[in-house]
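Asker: Below you'll find query-v5.txt; it's compact mmCIF, C-alpha atoms.
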```
# COMPACT_ATOMS: atom_id res chain seq x y z
CA MET A 1 13.83 -1.78 7.24
CA ALA A 2 14.91 1.52 5.76
CA THR A 3 17.03 3.82 7.89
CA ILE A 4 15.19 6.79 9.37
CA ILE A 5 17.35 9.88 9.50
CA PRO A 6 17.17 12.04 12.65
CA PRO A 7 15.75 15.57 12.64
CA LYS A 8 17.88 18.35 11.26
CA ALA A 9 19.08 20.90 13.78
CA GLN A 10 17.09 24.13 13.72
CA SER A 11 14.89 23.02 10.81
CA VAL A 12 12.05 25.39 10.03
CA ILE A 13 10.20 22.70 8.08
CA ARG A 14 10.41 19.91 10.65
CA PHE A 15 7.01 18.46 9.65
CA ILE A 16 8.13 18.03 6.02
CA ASP A 17 11.54 16.74 7.11
CA CYS A 18 9.82 14.07 9.20
CA GLN A 19 7.64 12.99 6.27
CA GLU A 20 10.71 12.69 4.06
CA ALA A 21 12.56 10.73 6.74
CA LEU A 22 9.70 8.23 7.10
CA GLU A 23 8.72 7.88 3.44
CA ALA A 24 11.10 5.04 2.52
CA SER A 25 10.04 3.02 5.57
CA VAL A 26 6.35 3.49 4.78
CA GLN A 27 6.94 2.46 1.16
CA GLU A 28 8.74 -0.63 2.45
CA VAL A 29 5.79 -1.52 4.70
CA ILE A 30 3.42 -1.16 1.73
CA ALA A 31 5.68 -3.35 -0.42
CA ASN A 32 5.84 -6.01 2.32
CA ALA A 33 2.07 -5.92 2.67
CA ALA A 34 1.74 -6.45 -1.10
CA ILE A 35 4.09 -9.43 -0.90
CA ALA A 36 1.84 -10.83 1.85
CA GLY A 37 -1.19 -10.48 -0.43
CA TRP A 38 -2.65 -7.08 0.45
CA THR A 39 -3.15 -4.52 -2.30
CA PRO A 40 -1.20 -1.26 -2.00
CA PRO A 41 -4.44 0.74 -1.56
CA GLU A 42 -5.50 -1.62 1.27
CA ALA A 43 -2.13 -1.21 2.95
CA MET A 44 -2.22 2.58 2.58
CA ALA A 45 -5.75 2.75 3.97
CA ALA A 46 -4.69 0.64 6.95
CA ILE A 47 -1.66 2.89 7.59
CA ILE A 48 -3.88 5.98 7.47
CA ALA A 49 -6.39 4.41 9.89
CA ILE A 50 -3.61 3.43 12.28
CA ALA A 51 -2.10 6.91 12.10
CA GLU A 52 -5.47 8.47 12.85
CA THR A 53 -6.39 6.23 15.78
CA LEU A 54 -3.08 5.38 17.46
CA PRO A 55 -2.65 8.78 19.17
CA LEU A 56 -6.14 8.49 20.67
CA ALA A 57 -5.51 4.96 21.92
CA LEU A 58 -2.13 5.89 23.39
CA ALA A 59 -3.58 8.98 25.07
CA LYS A 60 -6.35 6.89 26.60
CA MET A 61 -3.79 4.39 27.88
CA LYS A 62 -1.48 7.26 28.94
CA SER A 63 1.40 5.41 27.31
CA TRP A 64 2.40 8.06 24.77
CA THR A 65 5.57 8.66 26.77
CA GLN A 66 6.79 5.16 25.85
CA TYR A 67 7.55 6.57 22.40
```
Just give me the structure of the file as structure tokens.
Answerer:
Amino acid sequence: MATIIPPKAQSVIRFIDCQEALEASVQEVIANAAIAGWTPPEAMAAIIAIAETLPLALAKMKSWTQY
């Protein structure tokens, strides 16, 4: 898996920095999904759905602090 760089100290664009840090890993997940037989749009849609619902599930389980 791609290396995720840590946050930059005192960054004023932390949200963008985080996206850039995660991009290679997300692209790798999409590529691995395609190798497994999923289309890239299917993989991207699944990632979006997970990203939208995971915070709600973790909040309900009160396990957000595990991350």
Asker: Could you jot down the CA of Ile30 (chain A) to CA of Ala43 (chain A) separation for me, Å, one decimal place?
Answerer: 5.7 Å
Asker: Which one is closest to Ile48 (chain A): A:Val26, A:Ile13, A:Ala2, A:Ala31? Count all atoms listed in the file.
Answerer: A:Val26
Asker: Compare A:Ala46, A:Ala21, A:Ala51, A:Ala36 by their minimum atom-to-atom distance to Thr3 (chain A), counting all atoms listed in the file, and give me the closest one.
Answerer: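 Looking only at the distances to Thr3 (chain A), the closest residue turns out to be A:Ala21.
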Asker: State, in Å with one decimal place, the distance from CA of Ala33 (chain A) to CA of Met1 (chain A).
Answerer: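 For CA of Ala33 (chain A) relative to CA of Met1 (chain A), the distance reads 13.3 Å.
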Asker: Please list, as a ChimeraX atom specification, the residues that have an atom at most 9 Å away from (11.3, 13.7, 11.8) in the coordinates of this file, counting only C-alpha atoms.
Answerer: /A:4-8,14-22
